[in-house]
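K.L.:
Data file data.txt (compact mmCIF, C-alpha atoms) is appended below.
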# COMPACT_ATOMS: atom_id res chain seq x y z
CA MET A 945 47.72 -24.18 11.96
CA GLU A 946 44.37 -25.33 13.28
CA SER A 947 43.88 -22.13 15.26
CA ARG A 948 44.64 -20.10 12.12
CA CYS A 949 42.07 -22.06 10.09
CA SER A 950 39.44 -21.72 12.80
CA SER A 951 40.05 -18.00 13.09
CA SER A 952 39.73 -17.57 9.30
CA ALA A 953 36.47 -19.58 9.31
CA ASP A 954 35.14 -17.46 12.17
CA SER A 955 36.12 -14.28 10.35
CA ARG A 956 34.32 -15.47 7.19
CA GLN A 957 31.24 -16.24 9.28
CA GLY A 958 31.46 -12.81 10.87
CA VAL A 959 31.72 -11.11 7.47
CA ARG A 960 28.69 -13.10 6.27
CA VAL A 961 26.72 -12.04 9.34
CA VAL A 962 27.70 -8.40 8.86
CA VAL A 963 26.64 -8.52 5.20
CA ASN A 964 23.29 -10.15 6.09
CA SER A 965 22.57 -7.67 8.84
CA THR A 966 23.59 -4.77 6.60
CA SER A 967 21.31 -5.87 3.75
CA MET A 968 18.45 -6.46 6.20
CA SER A 969 18.89 -3.04 7.76
CA ALA A 970 18.96 -1.52 4.27
CA ARG A 971 15.63 -3.21 3.48
CA VAL A 972 14.13 -1.94 6.73
CA ASP A 973 15.35 1.59 5.99
CA SER A 974 13.86 1.44 2.50
CA TYR A 975 10.49 0.33 3.94
CA GLU A 976 10.57 3.15 6.50
CA ALA A 977 11.50 5.72 3.86
CA ALA A 978 8.69 4.54 1.56
CA GLU A 979 6.23 4.69 4.45
CA LYS A 980 7.22 8.26 5.33
CA LYS A 981 7.53 9.77 1.86
CA CYS A 982 4.49 8.66 -0.10
CA ILE A 983 1.38 6.52 -0.12
CA SER A 984 1.38 2.99 -1.47
CA ASP A 985 0.99 2.20 -5.16
CA VAL A 986 -2.41 0.56 -4.76
CA ARG A 987 -3.72 3.53 -2.78
CA ARG A 988 -2.43 5.89 -5.45
CA THR A 989 -4.25 3.83 -8.07
CA PHE A 990 -7.43 4.06 -6.00
CA CYS A 991 -7.12 7.85 -5.77
CA LEU A 992 -6.58 8.06 -9.52
CA PHE A 993 -9.73 6.04 -10.11
CA VAL A 994 -11.70 8.33 -7.78
CA THR A 995 -10.45 11.29 -9.82
CA PHE A 996 -11.44 9.50 -13.01
CA ASP A 997 -14.93 9.01 -11.52
CA LEU A 998 -15.38 12.76 -11.04
CA LEU A 999 -13.96 13.69 -14.44
CA PHE A 1000 -16.02 11.08 -16.30
CA ILE A 1001 -19.31 12.13 -14.67
CA THR A 1002 -18.43 15.79 -15.35
CA LEU A 1003 -17.74 15.01 -19.01
CA LEU A 1004 -21.01 13.16 -19.42
CA TRP A 1005 -22.94 15.98 -17.76
CA ILE A 1006 -21.31 18.59 -20.04
CA ILE A 1007 -22.19 16.48 -23.08
CA GLU A 1008 -25.78 16.23 -21.81
CA LEU A 1009 -25.93 20.02 -21.39
CA ASN A 1010 -24.61 20.60 -24.88
CA VAL A 1011 -26.93 18.06 -26.52
CA ASN A 1012 -30.15 19.33 -24.93
CA GLY A 1013 -30.02 22.91 -26.14
CA GLY A 1014 -26.60 24.37 -25.33
CA ILE A 1015 -24.52 24.72 -22.19
CA PRO A 1016 -25.60 28.27 -21.10
CA LYS A 1017 -29.30 27.53 -21.51
CA GLN A 1018 -29.15 24.15 -19.77
CA LEU A 1019 -27.01 25.49 -16.92
CA ASP A 1020 -29.66 28.12 -16.27
CA GLN A 1021 -32.37 25.48 -16.34
CA GLU A 1022 -30.63 22.74 -14.34
CA VAL A 1023 -28.61 24.83 -11.85
CA LEU A 1024 -30.34 28.17 -11.32
CA HIS A 1025 -33.83 26.69 -11.72
CA TYR A 1026 -33.02 23.34 -10.19
CA ASP A 1027 -35.71 20.67 -10.38
CA TYR A 1028 -35.14 17.40 -8.60
CA HIS A 1029 -37.32 15.49 -11.04
CA ALA A 1030 -35.64 16.69 -14.26
CA SER A 1031 -32.13 17.94 -13.47
CA PHE A 1032 -28.82 16.04 -13.76
CA PHE A 1033 -26.99 18.62 -11.66
CA ASP A 1034 -27.44 16.63 -8.46
CA ILE A 1035 -25.75 13.59 -10.01
CA PHE A 1036 -22.75 15.80 -10.75
CA LEU A 1037 -22.80 17.10 -7.16
CA LEU A 1038 -22.97 13.49 -5.97
CA ALA A 1039 -19.75 12.74 -7.87
CA VAL A 1040 -18.12 15.83 -6.32
CA PHE A 1041 -19.20 14.67 -2.85
CA ARG A 1042 -17.83 11.20 -3.48
CA PHE A 1043 -14.52 12.58 -4.76
CA ALA A 1044 -14.03 15.04 -1.89
CA SER A 1045 -14.92 12.50 0.80
CA LEU A 1046 -12.72 9.68 -0.53
CA ILE A 1047 -9.70 11.86 -1.30
CA LEU A 1048 -9.91 13.46 2.14
CA ALA A 1049 -10.27 10.10 3.88
CA TYR A 1050 -7.83 7.93 1.94
CA ALA A 1051 -5.30 10.37 0.44
CA VAL A 1052 -5.06 13.14 3.02
CA CYS A 1053 -5.90 11.30 6.24
CA ARG A 1054 -4.73 7.90 4.87
CA LEU A 1055 -7.38 5.90 6.66
CA ARG A 1056 -6.97 2.12 6.72
CA HIS A 1057 -10.60 1.20 7.29
CA TRP A 1058 -13.58 0.76 5.01
CA TRP A 1059 -16.13 2.80 6.97
CA ALA A 1060 -15.64 6.04 4.96
CA ILE A 1061 -16.26 4.44 1.58
CA ALA A 1062 -19.10 2.38 3.04
CA ILE A 1063 -20.88 5.61 4.05
CA THR A 1064 -20.31 7.34 0.71
CA THR A 1065 -21.38 4.29 -1.32
CA ALA A 1066 -24.51 3.79 0.79
CA LEU A 1067 -25.53 7.46 0.46
CA CYS A 1068 -24.86 7.54 -3.27
CA CYS A 1069 -26.76 4.34 -3.97
CA ALA A 1070 -29.72 5.42 -1.85
CA PHE A 1071 -29.88 8.81 -3.57
CA LEU A 1072 -29.62 7.34 -7.06
CA ILE A 1073 -32.29 4.71 -6.44
CA VAL A 1074 -34.73 7.27 -5.02
CA LYS A 1075 -34.01 9.70 -7.88
CA VAL A 1076 -34.60 7.06 -10.55
CA ILE A 1077 -37.90 6.08 -8.93
CA LEU A 1078 -39.26 9.58 -8.32
CA SER A 1079 -37.77 11.65 -11.15
CA LYS A 1080 -38.50 11.86 -14.87
CA LEU A 1081 -34.94 11.11 -16.02
CA LEU A 1082 -35.92 7.98 -17.91
CA SER A 1083 -38.05 10.06 -20.27
CA GLN A 1084 -35.16 12.39 -21.20
CA GLY A 1085 -33.33 10.12 -23.59
CA ALA A 1086 -30.14 8.13 -23.28
CA PHE A 1087 -28.55 10.33 -20.60
CA GLY A 1088 -31.48 9.64 -18.30
CA TYR A 1089 -30.27 6.02 -18.20
CA LEU A 1090 -26.55 6.60 -18.66
CA LEU A 1091 -25.67 9.03 -15.86
CA PRO A 1092 -27.42 7.21 -12.96
CA ILE A 1093 -26.17 3.77 -14.04
CA ILE A 1094 -22.56 4.87 -14.55
CA SER A 1095 -22.53 6.76 -11.24
CA PHE A 1096 -23.91 3.70 -9.46
CA VAL A 1097 -21.37 1.33 -11.06
CA LEU A 1098 -18.38 3.59 -10.40
CA ALA A 1099 -19.28 3.90 -6.73
CA TRP A 1100 -19.30 0.11 -6.34
CA ILE A 1101 -16.06 -0.31 -8.31
CA GLU A 1102 -14.38 2.09 -5.89
CA THR A 1103 -15.71 0.08 -2.97
CA TRP A 1104 -14.44 -3.18 -4.45
CA LEU A 1105 -11.05 -1.66 -5.28
CA LEU A 1106 -10.50 -0.39 -1.73
CA ASP A 1107 -11.84 -3.44 0.11
CA PHE A 1108 -10.24 -6.16 -2.01
CA LYS A 1109 -7.07 -4.49 -3.32
CA VAL A 1110 -5.89 -1.50 -1.29
CA LEU A 1111 -6.46 -2.58 2.30
CA PRO A 1112 -5.30 -6.25 1.91
CA GLN A 1113 -2.17 -5.21 -0.01
CA GLU A 1114 -1.21 -2.61 2.59
CA ALA A 1115 -1.82 -5.11 5.40
CA GLU A 1116 0.45 -7.60 3.64
CA ASP A 1117 3.15 -4.92 3.25
CA ASP A 1118 2.90 -4.08 6.95
CA ASN A 1119 3.28 -7.74 7.90
CA ARG A 1120 6.33 -8.07 5.67
CA PHE A 1121 7.84 -4.94 7.19
CA GLN A 1122 7.22 -6.28 10.69
CA SER A 1123 8.86 -9.58 9.79
CA PHE A 1124 11.94 -7.69 8.59
CA LEU A 1125 12.04 -5.80 11.87
CA ASP A 1126 11.78 -9.00 13.90
CA ALA A 1127 14.46 -10.68 11.81
CA SER A 1128 16.80 -7.71 12.21
CA GLU A 1129 16.33 -7.81 15.98
CA ARG A 1130 16.99 -11.56 16.15
CA ALA A 1131 20.00 -11.52 13.84
CA PRO A 1132 22.63 -10.45 16.43
CA LEU A 1133 21.40 -13.17 18.82
CA LEU A 1134 21.37 -15.99 16.30
CA TYR A 1135 24.71 -15.25 14.67
CA PRO A 1136 27.62 -14.35 16.97
CA GLY A 1137 30.37 -12.13 15.73
CA PRO A 1138 33.84 -13.27 14.65
CA MET A 1139 36.09 -14.80 17.28
CA SER A 1140 39.56 -13.36 17.62
CA GLU A 1141 42.64 -15.47 18.18
CA GLY A 1142 43.09 -13.97 21.61
CA GLN A 1143 39.89 -15.61 22.79
CA PHE A 1144 41.38 -19.08 22.35
CA TYR A 1145 44.04 -20.56 24.65
CA SER A 1146 46.09 -23.50 23.53
CA PRO A 1147 48.41 -25.21 26.04
CA PRO A 1148 52.07 -25.49 25.00
CA GLU A 1149 52.82 -28.60 23.06
CA SER A 1150 55.10 -31.18 24.71
CA VAL A 1151 58.41 -31.41 22.90
CA ALA A 1152 59.49 -34.97 22.22
CA ASP A 1153 63.05 -36.02 23.12
CA THR A 1154 65.44 -35.82 20.23
CA ASP A 1155 67.93 -38.55 19.30
CA GLU A 1156 70.85 -36.55 20.77
CA ASP A 1157 69.13 -36.32 24.16
CA LEU A 1158 68.54 -40.06 24.15
CA ASP A 1159 72.23 -40.69 23.37
CA ASP A 1160 73.30 -38.41 26.22
CA LYS A 1161 71.02 -40.24 28.64
CA GLN A 1162 72.37 -43.65 27.55
CA GLY A 1163 75.96 -42.33 27.95
CA LEU A 1164 75.26 -41.42 31.55
CA PHE A 1165 74.17 -44.94 32.33
Translate this file's structure into structure tokens.
P.N.:
Amino acid sequence: MESRCSSSADSRQGVRVVVNSTSMSARVDSYEAAEKKCISDVRRTFCLFVTFDLLFITLLWIIELNVNGGIPKQLDQEVLHYDYHASFFDIFLLAVFRFASLILAYAVCRLRHWWAIAITTALCCAFLIVKVILSKLLSQGAFGYLLPIISFVLAWIETWLLDFKVLPQEAEDDNRFQSFLDASERAPLLYPGPMSEGQFYSPPESVADTDEDLDDKQGLF
């Protein structure tokens, strides 16, 4: 009876261990599949914001072209007859450069370091500061203030988003994935499998003398 109870307890423990190891391996497989198939959610949000940066600067530049005399005329003046001191075309090209560099670095190559965005932000800020100082944009109305300021702010928001959201969150996910791997490797050592009844040996129980045997022994004496 005791051996049967112990074997049932061992079997329940073995089933529990199998379930735990199965669920842990399923979590590990899900992490590996997510790592192989797509980028993380925070990185996708960062790439969407970089795309929004380009589209927003493009929209503002188109509005500026339309307000100051029509798009065909202003395109001829700002693009074909480009003037560093009066044209907004270079601010649009700066947004294109920022978009191409960041998407290539953090969406295509999936870099996990801040050096790429540090270079793009430094170049953009330096260009915008020099352009505001040397050009005549401030005398061209509201867009002379709006486009440089918005471009400057968006570049720094992208830097903050990558450095304080994307990279720390992905590092935390990697640490969690590594802890699951370590736990799955230690699980077979910490929890042994179920013990079968054949692994136990119980000596035969001694049979006590019955009343008839005692009577036979007394009859002999």
K.L.:
With distances taken over only C-alpha atoms, which residue among A:Gly1088, A:Gln1122, A:Thr1065, A:Cys982 lies nearest Glu1008 in chain A?
P.N.:
A:Gly1088
K.L.:
Figure out the distance between CA of Phe1041 in chain A and CA of Asp1107 in chain A, please, to one decimal in Å.
P.N.:
19.8 Å
K.L.:
Per residue of range 1037-1102 of chain A within 8 Å of range 1026-1032 of chain A, record the nearest atom pair and its distance in Å to one decimal, counting all atoms listed in the file, with rows in chain order and ascending residue number, as a tab-separated table.
P.N.:
residue	atom	partner	partner_atom	distance
A:Lys1075	CA	A:His1029	CA	7.4
A:Leu1078	CA	A:His1029	CA	6.8
A:Ser1079	CA	A:His1029	CA	3.9
A:Lys1080	CA	A:His1029	CA	5.4
A:Leu1081	CA	A:Ala1030	CA	5.9
A:Leu1091	CA	A:Phe1032	CA	8.0
K.L.:
How far is it from CA of Asp997 in chain A to CA of Pro1016 in chain A, in Å with one decimal?
P.N.:
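Taking CA of Asp997 in chain A and CA of Pro1016 in chain A, their separation equals 24.0 Å.
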K.L.:
Counting all atoms listed in the file, figure out which residue out of A:Ala1051, A:Ile1015, A:Pro1092, A:Thr1002 gets nearest to Ile1077 in chain A.
P.N.:
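Nearest candidate to Ile1077 in chain A out of A:Ala1051, A:Ile1015, A:Pro1092, A:Thr1002: A:Pro1092.
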K.L.:
When you count only C-alpha atoms, which of these residues is closest to Val1110 in chain A: A:Leu1055, A:Leu999, A:Ala1062, A:Leu1004?
P.N.:
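Closest to Val1110 in chain A of all the choices is A:Leu1055.
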K.L.:
What is the distance, in Å and to one decimal place, between CA of Ala1086 in chain A and CA of Thr1103 in chain A?
P.N.:
26.2 Å
K.L.:
For Leu1046 in chain A, list every protein, DNA or RNA residue within 10 Å, evaluated using all atoms listed in the file, and leave out those in the same chain fewer than 3 positions away; present the list as a list in words.
P.N.:
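Counting only the stated atoms, we get Phe990, Cys991, Val994, Thr995, Phe1041, Arg1042, Phe1043, Ala1049, Tyr1050, Ala1051, Val1052, Cys1053, Arg1054, Leu1055, Ala1060, Ile1061, Thr1064 and Glu1102 of chain A.
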K.L.:
So which one's closest to Leu1009 in chain A, A:Gln1084, A:Trp1104, A:Asp1118, A:Phe996? Using only C-alpha atoms, please.
P.N.:
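Closest candidate: A:Gln1084.
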K.L.:
Select, from A:Ala1099, A:Cys1069, A:Leu998, A:Leu1106, the residue with the minimum atom-to-atom distance to Phe1036 in chain A, counting only C-alpha atoms.
P.N.:
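Closest candidate: A:Leu998.
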K.L.:
I want to know what sits within 12 Å of Lys1109 in chain A, based on all atoms listed in the file, with residues of the same chain fewer than 2 positions away left out; could you give that as a PDB file with C-alpha atoms, in the coordinates of the input?
P.N.:
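Here's the written file part.pdb:
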ATOM      1  CA  SER A 984       1.380   2.990  -1.470  1.00  0.00           C
ATOM      2  CA  ASP A 985       0.990   2.200  -5.160  1.00  0.00           C
ATOM      3  CA  VAL A 986      -2.410   0.560  -4.760  1.00  0.00           C
ATOM      4  CA  ARG A 987      -3.720   3.530  -2.780  1.00  0.00           C
ATOM      5  CA  ARG A 988      -2.430   5.890  -5.450  1.00  0.00           C
ATOM      6  CA  THR A 989      -4.250   3.830  -8.070  1.00  0.00           C
ATOM      7  CA  PHE A 990      -7.430   4.060  -6.000  1.00  0.00           C
ATOM      8  CA  TRP A1058     -13.580   0.760   5.010  1.00  0.00           C
ATOM      9  CA  ILE A1101     -16.060  -0.310  -8.310  1.00  0.00           C
ATOM     10  CA  GLU A1102     -14.380   2.090  -5.890  1.00  0.00           C
ATOM     11  CA  THR A1103     -15.710   0.080  -2.970  1.00  0.00           C
ATOM     12  CA  TRP A1104     -14.440  -3.180  -4.450  1.00  0.00           C
ATOM     13  CA  LEU A1105     -11.050  -1.660  -5.280  1.00  0.00           C
ATOM     14  CA  LEU A1106     -10.500  -0.390  -1.730  1.00  0.00           C
ATOM     15  CA  ASP A1107     -11.840  -3.440   0.110  1.00  0.00           C
ATOM     16  CA  LEU A1111      -6.460  -2.580   2.300  1.00  0.00           C
ATOM     17  CA  PRO A1112      -5.300  -6.250   1.910  1.00  0.00           C
ATOM     18  CA  GLN A1113      -2.170  -5.210  -0.010  1.00  0.00           C
ATOM     19  CA  GLU A1114      -1.210  -2.610   2.590  1.00  0.00           C
ATOM     20  CA  ALA A1115      -1.820  -5.110   5.400  1.00  0.00           C
ATOM     21  CA  GLU A1116       0.450  -7.600   3.640  1.00  0.00           C
TER      22      GLU A1116
END
